>>> print(open('my_file.csv').read())   # CSV, C-alpha atoms and all ligand atoms
chain,number,residue,atom,x,y,z
W,1037,MET,CA,110.3,123.0,94.7
W,1038,ASN,CA,108.4,123.8,91.6
W,1039,ALA,CA,106.1,121.9,89.3
W,1040,ARG,CA,106.8,118.2,89.1
W,1041,THR,CA,107.2,116.2,86.0
W,1042,SER,CA,105.2,113.1,85.6
W,1043,GLU,CA,108.5,111.2,86.0
W,1044,GLN,CA,109.1,112.8,89.4
W,1045,ARG,CA,105.5,111.8,90.4
W,1046,ARG,CA,106.1,108.3,89.3
W,1047,THR,CA,109.3,108.1,91.4
W,1048,MET,CA,107.4,109.5,94.4
W,1049,SER,CA,104.5,107.0,93.9
W,1050,LYS,CA,107.0,104.2,93.7
W,1051,ALA,CA,108.8,105.3,96.9
W,1052,LEU,CA,105.5,105.5,98.7
W,1053,THR,CA,104.4,102.1,97.5
W,1054,ARG,CA,107.7,100.7,98.6
W,1055,ALA,CA,107.3,102.3,102.0
W,1056,ALA,CA,103.8,100.9,102.3
W,1057,ASN,CA,105.1,97.4,101.9
W,1058,ALA,CA,108.4,97.8,103.7
W,1059,SER,CA,109.5,95.6,106.5
W,1060,VAL,CA,111.0,97.4,109.5
W,1061,ALA,CA,114.5,96.4,108.4
W,1062,ASP,CA,113.8,98.0,105.0
W,1063,VAL,CA,112.6,101.2,106.7
W,1064,LEU,CA,115.7,101.4,108.8
W,1065,LEU,CA,117.9,101.4,105.7
W,1066,THR,CA,116.4,104.6,104.4
W,1067,ALA,CA,114.4,106.5,106.9
W,1068,GLN,CA,116.1,109.2,109.0
W,1069,GLY,CA,113.1,110.6,110.9
W,1070,SER,CA,111.3,113.9,110.3
W,1071,ALA,CA,113.4,117.0,110.1
W,1072,GLY,CA,110.4,119.2,110.1
W,1073,LEU,CA,111.0,120.3,106.5
W,1074,CYS,CA,107.4,120.8,105.5
W,1075,SER,CA,104.3,121.9,107.3
W,1076,ARG,CA,102.0,119.1,108.1
W,1077,ILE,CA,98.3,119.6,108.4
W,1078,GLY,CA,96.0,116.8,109.6
W,1079,VAL,CA,92.3,116.9,108.7
W,1080,THR,CA,90.2,114.6,110.7
W,1081,GLY,CA,86.5,114.1,111.6
W,1082,PRO,CA,83.6,111.8,111.1
W,1083,PRO,CA,82.7,110.3,107.7
W,1084,GLY,CA,81.0,112.7,105.3
W,1085,ALA,CA,81.8,115.8,107.3
W,1086,GLY,CA,83.3,117.3,104.1
W,1087,LYS,CA,87.0,116.7,104.8
W,1088,SER,CA,88.0,115.9,101.2
W,1089,THR,CA,86.0,118.8,99.8
W,1090,LEU,CA,87.5,121.2,102.3
W,1091,ILE,CA,91.0,119.9,101.7
W,1092,ALA,CA,90.5,120.5,98.0
W,1093,ALA,CA,89.3,124.1,98.6
W,1094,LEU,CA,92.1,124.8,101.0
W,1095,ALA,CA,94.7,123.4,98.6
W,1096,ARG,CA,93.4,125.5,95.8
W,1097,ARG,CA,93.8,128.6,97.9
W,1098,ARG,CA,97.1,127.7,99.3
W,1099,LEU,CA,98.5,127.1,95.8
W,1100,GLN,CA,98.5,130.8,95.4
W,1101,ARG,CA,101.7,130.8,97.3
W,1102,GLU,CA,104.9,129.1,96.5
W,1103,GLY,CA,105.5,125.5,97.1
W,1104,ASP,CA,103.9,122.2,96.2
W,1105,ILE,CA,101.2,120.4,98.2
W,1106,ALA,CA,100.9,116.7,98.9
W,1107,ILE,CA,97.5,115.3,100.0
W,1108,LEU,CA,97.5,111.9,101.6
W,1109,ALA,CA,94.2,110.3,102.5
W,1110,VAL,CA,94.1,107.3,104.9
W,1111,ASP,CA,91.2,105.1,103.9
W,1112,PRO,CA,90.1,102.9,106.7
W,1113,THR,CA,87.4,101.2,104.7
W,1114,SER,CA,89.4,98.8,102.7
W,1115,PRO,CA,92.7,97.0,102.8
W,1116,VAL,CA,93.3,97.9,99.2
W,1117,SER,CA,92.1,100.8,97.1
W,1118,GLY,CA,88.4,101.3,97.9
W,1119,GLY,CA,85.4,103.4,97.0
W,1120,ALA,CA,86.2,106.4,99.2
W,1121,ILE,CA,89.3,106.9,97.2
W,1122,LEU,CA,87.4,107.1,94.0
W,1123,GLY,CA,85.1,109.7,95.5
W,1124,ASP,CA,88.0,111.8,96.7
W,1125,ARG,CA,89.6,111.6,93.4
W,1126,ILE,CA,86.5,113.0,91.8
W,1127,ARG,CA,86.2,115.7,94.3
W,1128,MET,CA,89.8,116.6,93.7
W,1129,GLU,CA,89.9,116.0,90.0
W,1130,ASP,CA,91.1,119.5,89.0
W,1131,LEU,CA,93.8,119.4,91.7
W,1132,ALA,CA,94.9,116.0,90.6
W,1133,GLN,CA,95.8,117.5,87.2
W,1134,ASN,CA,97.8,120.2,88.8
W,1135,PRO,CA,101.6,119.6,88.5
W,1136,ARG,CA,102.1,121.2,91.9
W,1137,VAL,CA,99.8,118.8,93.7
W,1138,TYR,CA,100.3,115.2,94.6
W,1139,ILE,CA,97.4,113.1,95.8
W,1140,ARG,CA,97.6,109.7,97.2
W,1141,SER,CA,95.3,107.3,99.1
W,1142,LEU,CA,96.7,105.0,101.7
W,1143,ALA,CA,95.1,101.9,103.1
W,1144,SER,CA,95.1,101.7,106.9
W,1145,ARG,CA,96.0,98.0,106.8
W,1146,ARG,CA,96.6,96.3,110.2
W,1147,SER,CA,97.1,99.4,112.1
W,1148,HIS,CA,94.6,99.7,115.0
W,1149,ASP,CA,94.6,103.4,115.4
W,1150,GLY,CA,93.1,104.0,112.0
W,1151,LEU,CA,96.2,105.3,110.5
W,1152,ALA,CA,98.4,103.6,107.9
W,1153,ASP,CA,101.1,101.6,109.5
W,1154,ASN,CA,103.9,103.3,107.7
W,1155,LEU,CA,102.5,106.7,107.8
W,1156,PRO,CA,105.5,108.3,109.5
W,1157,ASP,CA,107.8,106.8,106.9
W,1158,MET,CA,105.5,108.0,104.1
W,1159,LEU,CA,105.3,111.6,105.4
W,1160,GLU,CA,109.0,111.6,105.6
W,1161,ILE,CA,109.2,110.7,101.9
W,1162,VAL,CA,106.9,113.6,101.2
W,1163,GLU,CA,108.9,115.9,103.4
W,1164,ARG,CA,112.2,115.0,101.8
W,1165,ALA,CA,110.7,115.2,98.2
W,1166,GLY,CA,110.5,119.0,98.9
W,1167,PHE,CA,106.8,119.6,99.3
W,1168,ALA,CA,106.0,122.8,101.2
W,1169,GLU,CA,102.9,121.3,102.7
W,1170,ALA,CA,101.5,117.9,103.4
W,1171,ILE,CA,97.8,117.6,104.1
W,1172,LEU,CA,96.6,114.3,105.7
W,1173,GLU,CA,93.0,113.2,105.7
W,1174,THR,CA,91.9,110.6,108.3
W,1175,VAL,CA,88.4,109.5,109.1
W,1176,GLY,CA,87.2,109.0,112.5
W,1177,VAL,CA,86.4,110.4,115.9
W,1178,GLY,CA,88.4,108.7,118.5
W,1179,GLN,CA,91.8,107.1,118.6
W,1180,VAL,CA,92.7,108.5,115.3
W,1181,GLU,CA,93.1,112.0,116.6
W,1182,TYR,CA,95.5,111.0,119.3
W,1183,ALA,CA,97.6,109.1,116.8
W,1184,VAL,CA,97.6,111.9,114.3
W,1185,ARG,CA,98.9,114.3,116.9
W,1186,HIS,CA,102.4,112.8,116.5
W,1187,VAL,CA,102.7,113.0,112.8
W,1188,VAL,CA,101.3,116.5,112.0
W,1189,ASP,CA,101.8,120.0,113.2
W,1190,THR,CA,98.2,121.3,113.0
W,1191,ILE,CA,95.1,119.2,113.5
W,1192,LEU,CA,91.8,120.3,112.0
W,1193,LEU,CA,88.7,118.6,113.5
W,1194,VAL,CA,85.9,118.9,110.9
W,1195,LEU,CA,82.4,118.5,112.2
W,1196,MET,CA,79.0,119.2,110.6
W,1197,PRO,CA,75.6,120.2,111.9
W,1198,GLY,CA,73.1,117.6,112.9
W,1199,ALA,CA,75.5,115.4,114.8
W,1200,GLY,CA,74.6,115.9,118.4
W,1201,ASP,CA,76.1,112.6,119.5
W,1202,GLN,CA,79.4,113.8,118.1
W,1203,ILE,CA,79.4,116.6,120.5
W,1204,GLN,CA,79.0,114.1,123.4
W,1205,ALA,CA,82.0,112.3,122.1
W,1206,MET,CA,83.9,115.6,121.8
W,1207,LYS,CA,83.2,116.3,125.5
W,1208,GLY,CA,84.9,113.0,126.2
W,1209,GLY,CA,88.1,114.7,125.3
W,1210,ILE,CA,88.6,114.4,121.6
W,1211,LEU,CA,88.2,118.1,121.2
W,1212,GLU,CA,91.4,118.4,123.2
W,1213,THR,CA,93.5,117.1,120.4
W,1214,ALA,CA,92.2,119.6,117.9
W,1215,ASP,CA,94.1,122.8,117.1
W,1216,ILE,CA,91.3,124.2,115.0
W,1217,VAL,CA,87.7,123.1,115.2
W,1218,VAL,CA,85.8,123.5,111.9
W,1219,VAL,CA,82.1,123.6,111.7
W,1220,ASN,CA,81.7,122.6,108.0
W,1221,LYS,CA,78.5,122.8,106.0
W,1222,SER,CA,77.6,126.0,107.8
W,1223,ASP,CA,75.1,126.6,105.1
W,1224,GLN,CA,73.0,123.9,106.7
W,1225,PRO,CA,70.6,124.3,109.6
W,1226,GLY,CA,72.0,123.8,113.1
W,1227,ALA,CA,75.5,125.0,112.2
W,1228,ARG,CA,75.2,128.1,114.5
W,1229,GLN,CA,74.0,126.0,117.4
W,1230,LEU,CA,76.8,123.5,116.9
W,1231,ALA,CA,79.4,126.3,116.8
W,1232,ALA,CA,77.9,127.7,120.0
W,1233,GLU,CA,78.0,124.4,121.8
W,1234,LEU,CA,81.6,123.8,120.7
W,1235,ALA,CA,82.5,127.3,121.8
W,1236,ALA,CA,81.0,126.6,125.3
W,1237,VAL,CA,83.1,123.4,125.5
W,1238,VAL,CA,86.3,125.1,124.5
W,1239,LYS,CA,85.6,128.1,126.8
W,1240,LYS,CA,85.1,125.8,129.8
W,1241,ARG,CA,88.3,124.1,129.1
W,1242,GLY,CA,90.4,127.3,128.5
W,1243,GLU,CA,93.7,127.2,126.7
W,1244,ASP,CA,95.7,124.0,126.5
W,1245,ASP,CA,98.8,123.2,128.5
W,1246,GLU,CA,100.9,125.1,126.0
W,1247,GLY,CA,98.7,128.2,125.7
W,1248,TRP,CA,96.7,127.6,122.6
W,1249,THR,CA,92.9,128.0,122.5
W,1250,PRO,CA,91.4,126.2,119.5
W,1251,PRO,CA,89.4,128.6,117.4
W,1252,ILE,CA,86.0,127.4,116.0
W,1253,VAL,CA,85.8,128.2,112.4
W,1254,PRO,CA,82.5,127.9,110.4
W,1255,THR,CA,83.1,127.0,106.8
W,1256,SER,CA,80.9,126.3,103.8
W,1257,LEU,CA,82.0,125.2,100.4
W,1258,ASN,CA,80.1,128.0,98.7
W,1259,ASP,CA,81.6,130.7,100.8
W,1260,PRO,CA,85.2,131.4,99.7
W,1261,ALA,CA,85.7,133.9,102.5
W,1262,SER,CA,85.1,131.1,105.1
W,1263,ILE,CA,87.8,129.0,103.4
W,1264,GLU,CA,90.1,132.0,103.5
W,1265,ALA,CA,89.4,132.5,107.2
W,1266,LEU,CA,90.3,128.8,107.8
W,1267,ALA,CA,93.5,129.2,105.9
W,1268,ALA,CA,94.4,132.2,108.0
W,1269,GLU,CA,93.7,130.2,111.2
W,1270,ILE,CA,96.0,127.5,110.0
W,1271,ASP,CA,98.7,130.1,109.3
W,1272,ARG,CA,98.2,131.6,112.7
W,1273,HIS,CA,98.6,128.2,114.4
W,1274,GLN,CA,101.7,127.4,112.4
W,1275,ALA,CA,103.2,130.8,113.3
W,1276,TRP,CA,102.4,130.2,116.9
W,1277,LEU,CA,104.1,126.8,116.8
W,1278,ALA,CA,107.2,128.3,115.1
W,1279,ASN,CA,107.5,131.1,117.6
W,1280,ARG,CA,106.9,128.9,120.6
W,1281,PRO,CA,109.9,127.8,122.7
W,1282,GLY,CA,110.4,124.1,122.5
W,1283,THR,CA,109.6,123.5,118.9
W,1284,SER,CA,112.5,121.1,118.6
W,1285,GLY,CA,110.9,119.1,121.4
W,1286,ARG,CA,108.0,118.5,119.1
W,1287,LEU,CA,110.3,117.0,116.4
W,1288,GLU,CA,112.0,114.9,119.0
W,1289,ARG,CA,108.6,113.6,120.2
W,1290,ARG,CA,107.7,112.9,116.6
W,1291,ARG,CA,110.9,110.9,116.1
W,1292,ALA,CA,110.4,109.0,119.4
W,1293,GLN,CA,106.9,108.1,118.3
W,1294,HIS,CA,108.2,107.0,114.9
W,1295,VAL,CA,110.7,104.6,116.5
W,1296,GLY,CA,108.0,103.4,118.9
W,1297,SER,CA,105.8,102.6,115.9
W,1298,LEU,CA,108.7,100.7,114.3
W,1299,VAL,CA,109.2,98.7,117.4
W,1300,ALA,CA,105.5,97.8,117.6
W,1301,ARG,CA,105.6,96.8,114.0
W,1302,ARG,CA,108.6,94.7,114.6
W,1303,VAL,CA,106.9,92.9,117.4
W,1304,SER,CA,104.0,92.1,115.0
W,1305,GLU,CA,106.5,90.8,112.5
W,1306,VAL,CA,108.1,88.6,115.1
W,1307,LEU,CA,104.8,87.3,116.3
W,1308,ASP,CA,103.9,86.3,112.8
W,1309,GLU,CA,107.2,84.5,112.4
W,1310,LEU,CA,106.9,82.4,115.5
W,1311,PRO,CA,106.0,78.8,115.0
W,1312,ALA,CA,102.6,77.6,116.4
W,1313,GLU,CA,104.1,75.5,119.1
W,1314,VAL,CA,105.9,78.5,120.6
W,1315,LEU,CA,102.6,80.3,120.6
W,1316,ARG,CA,101.2,77.5,122.7
W,1317,ALA,CA,103.9,77.8,125.3
W,1318,PRO,CA,103.3,79.5,128.7
W,1319,LEU,CA,103.2,83.2,128.4
W,1320,ALA,CA,106.5,83.8,130.1
W,1321,SER,CA,108.3,81.5,127.5
W,1322,LEU,CA,106.5,83.2,124.7
W,1323,TYR,CA,107.5,86.6,126.0
W,1324,GLU,CA,111.1,85.4,126.2
W,1325,ALA,CA,111.0,84.1,122.7
W,1326,VAL,CA,109.7,87.4,121.4
W,1327,VAL,CA,112.3,89.4,123.2
W,1328,ARG,CA,115.0,87.1,122.0
W,1329,ARG,CA,113.9,87.5,118.4
W,1330,LEU,CA,113.8,91.2,118.8
W,1331,ALA,CA,117.4,91.2,120.1
W,1332,GLU,CA,118.4,89.2,117.0
W,1333,HIS,CA,116.8,91.8,114.9
W,1334,ASN,CA,118.6,94.4,116.9
W,1335,ASP,CA,121.8,92.9,115.7
W,1336,GLY,CA,120.3,93.4,112.2
W,1337,ALA,CA,119.8,97.1,113.0
W,1338,ALA,CA,123.3,97.4,114.1
W,1339,ASP,CA,124.3,95.9,110.8
W,1340,VAL,CA,122.2,98.5,109.0
W,1341,ASN,CA,124.1,101.2,110.9
W,1342,ARG,CA,127.4,99.7,109.9
W,1343,ARG,CA,126.4,99.5,106.3
W,1344,ARG,CA,125.1,103.0,106.3
W,1345,ARG,CA,128.3,104.4,107.7
W,1346,ARG,CA,130.3,102.6,105.0
W,1347,THR,CA,128.3,104.3,102.2
K,1,LIG,N1,75.9,121.6,102.0
K,1,LIG,C1,77.2,121.4,102.0
K,1,LIG,N2,77.6,120.2,101.6
K,1,LIG,C2,79.0,120.0,101.6
K,1,LIG,C3,79.9,121.0,102.1
K,1,LIG,N3,81.1,120.5,102.0
K,1,LIG,C4,81.0,119.2,101.5
K,1,LIG,N4,79.7,118.9,101.3
K,1,LIG,C5,79.1,117.6,100.8
K,1,LIG,O1,79.3,116.6,101.8
K,1,LIG,C6,79.5,115.4,101.2
K,1,LIG,C7,80.7,114.7,101.8
K,1,LIG,O2,81.9,115.4,101.4
K,1,LIG,P1,83.3,114.8,101.5
K,1,LIG,O3,84.3,115.9,101.2
K,1,LIG,O4,83.4,113.6,100.7
K,1,LIG,O5,83.4,114.4,103.0
K,1,LIG,P2,84.5,113.5,103.7
K,1,LIG,O6,84.5,114.0,105.1
K,1,LIG,O7,85.8,113.6,103.0
K,1,LIG,O8,83.9,112.1,103.6
K,1,LIG,P3,84.7,110.7,103.9
K,1,LIG,O9,86.1,110.8,103.3
K,1,LIG,O10,83.8,109.7,103.2
K,1,LIG,O11,84.7,110.5,105.4
K,1,LIG,C8,79.7,115.6,99.7
K,1,LIG,O12,78.5,115.3,99.1
K,1,LIG,C9,79.9,117.1,99.6
K,1,LIG,O13,79.5,117.7,98.4
K,1,LIG,C10,79.4,122.3,102.5
K,1,LIG,O14,80.1,123.2,102.9
K,1,LIG,N5,78.0,122.4,102.4
K,2,MG,MG,87.1,112.1,102.2
>>> encode(input="my_file.csv", output="C-alpha cells")
Amino acid sequence: MNARTSEQRRTMSKALTRAANASVADVLLTAQGSAGLCSRIGVTGPPGAGKSTLIAALARRRLQREGDIAILAVDPTSPVSGGAILGDRIRMEDLAQNPRVYIRSLASRRSHDGLADNLPDMLEIVERAGFAEAILETVGVGQVEYAVRHVVDTILLVLMPGAGDQIQAMKGGILETADIVVVNKSDQPGARQLAAELAAVVKKRGEDDEGWTPPIVPTSLNDPASIEALAAEIDRHQAWLANRPGTSGRLERRRAQHVGSLVARRVSEVLDELPAEVLRAPLASLYEAVVRRLAEHNDGAADVNRRRRRT
C-alpha cells in the first residue's frame, strides 16, 4: 500500500470511529478476526517514559522501507480526546503530515485493562486497510501489558532512569510480558545502572517458555544509532516469531481473545439493559436473566451469520 489520499484517511478515520462506538452486534456484521496481515508492535511503559517520542523516531526510521505505518495511542486519561493526545500530536507533527503515516488516539473508555474496548476491532481495520505496520502506544505498568500481549506481536516495555520503584514492579512479573526492554533517556544519569539491574532480572529468569530472551536496549532521542539498534531488535524478534513453529497458534489465540472480549462486552451491554428490579433479584435469578439474554443475542448472531452468507 502506498501513500494514502486524504479521502482514504477520512474513510479510515470514519471506520475507526464507527468501530469505537459499535455494539457487539455491529462488530459481528463486519469483523472477521485478525489474519496477521500487518506487523503489530506494542509500546508500553509508565507515563513520561518517552514512548511517543520513541515511536515517532522509530516510525521515521521504518518509513525508509516500503509500507505504510499506523500509530494508535490509547489514552487512559480521558473518556474523550484529552491533553495527552495533543502532546503526542505535537511530538509527531511532521509524521502526521506524512501521507504514509496514520495517527489516531483512542480513548480507553470503560475498559478496565487500560486498553480501548474495541481495540481488537480497530487493529483489524488497520490491518485490512493494508498498513504494513501498526504501532500501539499504551500507558501503564501492570495489567495493560498482559492485555496488550494478545493484540500485538512484539511488546516494547519502555522505562527510564530514576524510577527504582518501577523495577520493583518489574520483578513482580511485568517484565515477563516484554519482548524487548527499552531503557530510554539513556543520556540521563542512572541509565546504565537501570540497564544493569534489568539485565540481572532477565538473566535470573532466563529465556521464556518459548525460547526468547528479551534484550535490553538503551535508547536516547539524540542518538540515532540507538534508535537503529532498537529497530533491528524489533526486526529480530519479528523474524524469530515468523520462523517459530506454532505461529498460527498465536493468531488463533488472538482470535479467541477477540471473541472473549466481545462476549465480555456483550455481558456489559446486557447488564446495562436489565431493569432495576431484576438487578435487585437474588444472584441466581440475576445470573439466569443475564444468561437468557445472552442466548437471545446468540440468536441475533446466528441471524448475522445467515445475512452474511446471503451477501
Ligand atoms: N533526556 C531525554 N528526554 C527524552 C527522551 N525521549 C523523550 N524525552 C522527553 O520525555 C518527555 C516525555 O516524552 P513522551 O514521548 O511524551 O513520553 P510518553 O511516554 O509518550 O508520555 P505519556 O504518553 O504522557 O505517557 C518529553 O519531554 C520528551 O522530550 C530522551 O531520549 N532523552
Ligand atoms: Mg505518549
>>> atom_distance(input="my_file.csv", atom1="atom CA of Gly1084 of chain W", atom2="atom CA of Phe1167 of chain W")
27.4 Å
>>> residues_near_ligand(input="my_file.csv", ligand="ligand LIG 1 (chain K)", cutoff="7 Å", atoms="all atoms listed in the file", output="PyMOL selection string")
chain W and resi 1081-1090+1120+1123-1124+1175+1220-1224+1255-1258
>>> closest_residue(input="my_file.csv", among="W:Ser1075, W:Thr1047, W:Gln1133, W:Ser1141", to="ligand MG 2 (chain K)", atoms="only C-alpha atoms and all ligand atoms")
W:Ser1141
>>> residues_around(input="my_file.csv", residues="Asp1215 of chain W", least_positions_apart="6", cutoff="12 Å", atoms="all atoms listed in the file", output="count of residues only")
34
>>> residues_around(input="my_file.csv", residues="segment 1065-1072 of chain W", least_positions_apart="6", cutoff="7 Å", atoms="all atoms listed in the file", output="list in words")
Asp1157, Glu1160, Leu1287, Arg1291 and Val1340 of chain W
>>> residues_around(input="my_file.csv", residues="Ala1227 of chain W", least_positions_apart="5", cutoff="7 Å", atoms="only C-alpha atoms", output="ChimeraX atom specification")
/W:1196-1197,1219,1222
>>> closest_residue(input="my_file.csv", among="W:Ala1143, W:Ala1106, W:Val1137, W:Ile1091", to="Ala1056 of chain W", atoms="only C-alpha atoms")
W:Ala1143
>>> atom_distance(input="my_file.csv", atom1="atom CA of Asn1154 of chain W", atom2="atom CA of Arg1045 of chain W")
19.3 Å
>>> atom_distance(input="my_file.csv", atom1="atom CA of Ile1171 of chain W", atom2="atom CA of Ile1107 of chain W")
4.7 Å
>>> closest_residue(input="my_file.csv", among="W:Val1162, W:Glu1173, W:Leu1064, W:Arg1097", to="ligand MG 2 (chain K)", atoms="only C-alpha atoms and all ligand atoms")
W:Glu1173
>>> closest_residue(input="my_file.csv", among="W:Ala1232, W:Leu1195, W:Val1295, W:Leu1094", to="Ala1267 of chain W", atoms="all atoms listed in the file")
W:Leu1094
>>> closest_residue(input="my_file.csv", among="W:Asn1057, W:Gln1100, W:Thr1174, W:Asn1279", to="ligand MG 2 (chain K)", atoms="only C-alpha atoms and all ligand atoms")
W:Thr1174
>>> closest_residue(input="my_file.csv", among="W:Leu1052, W:Ile1216, W:Leu1108, W:Leu1099", to="ligand MG 2 (chain K)", atoms="all atoms listed in the file")
W:Leu1108
>>> residues_around(input="my_file.csv", residues="Ala1300 of chain W", least_positions_apart="5", cutoff="10 Å", atoms="only C-alpha atoms", output="NGL selection string")
:W and (1060 or 1153 or 1294-1295 or 1305-1306)
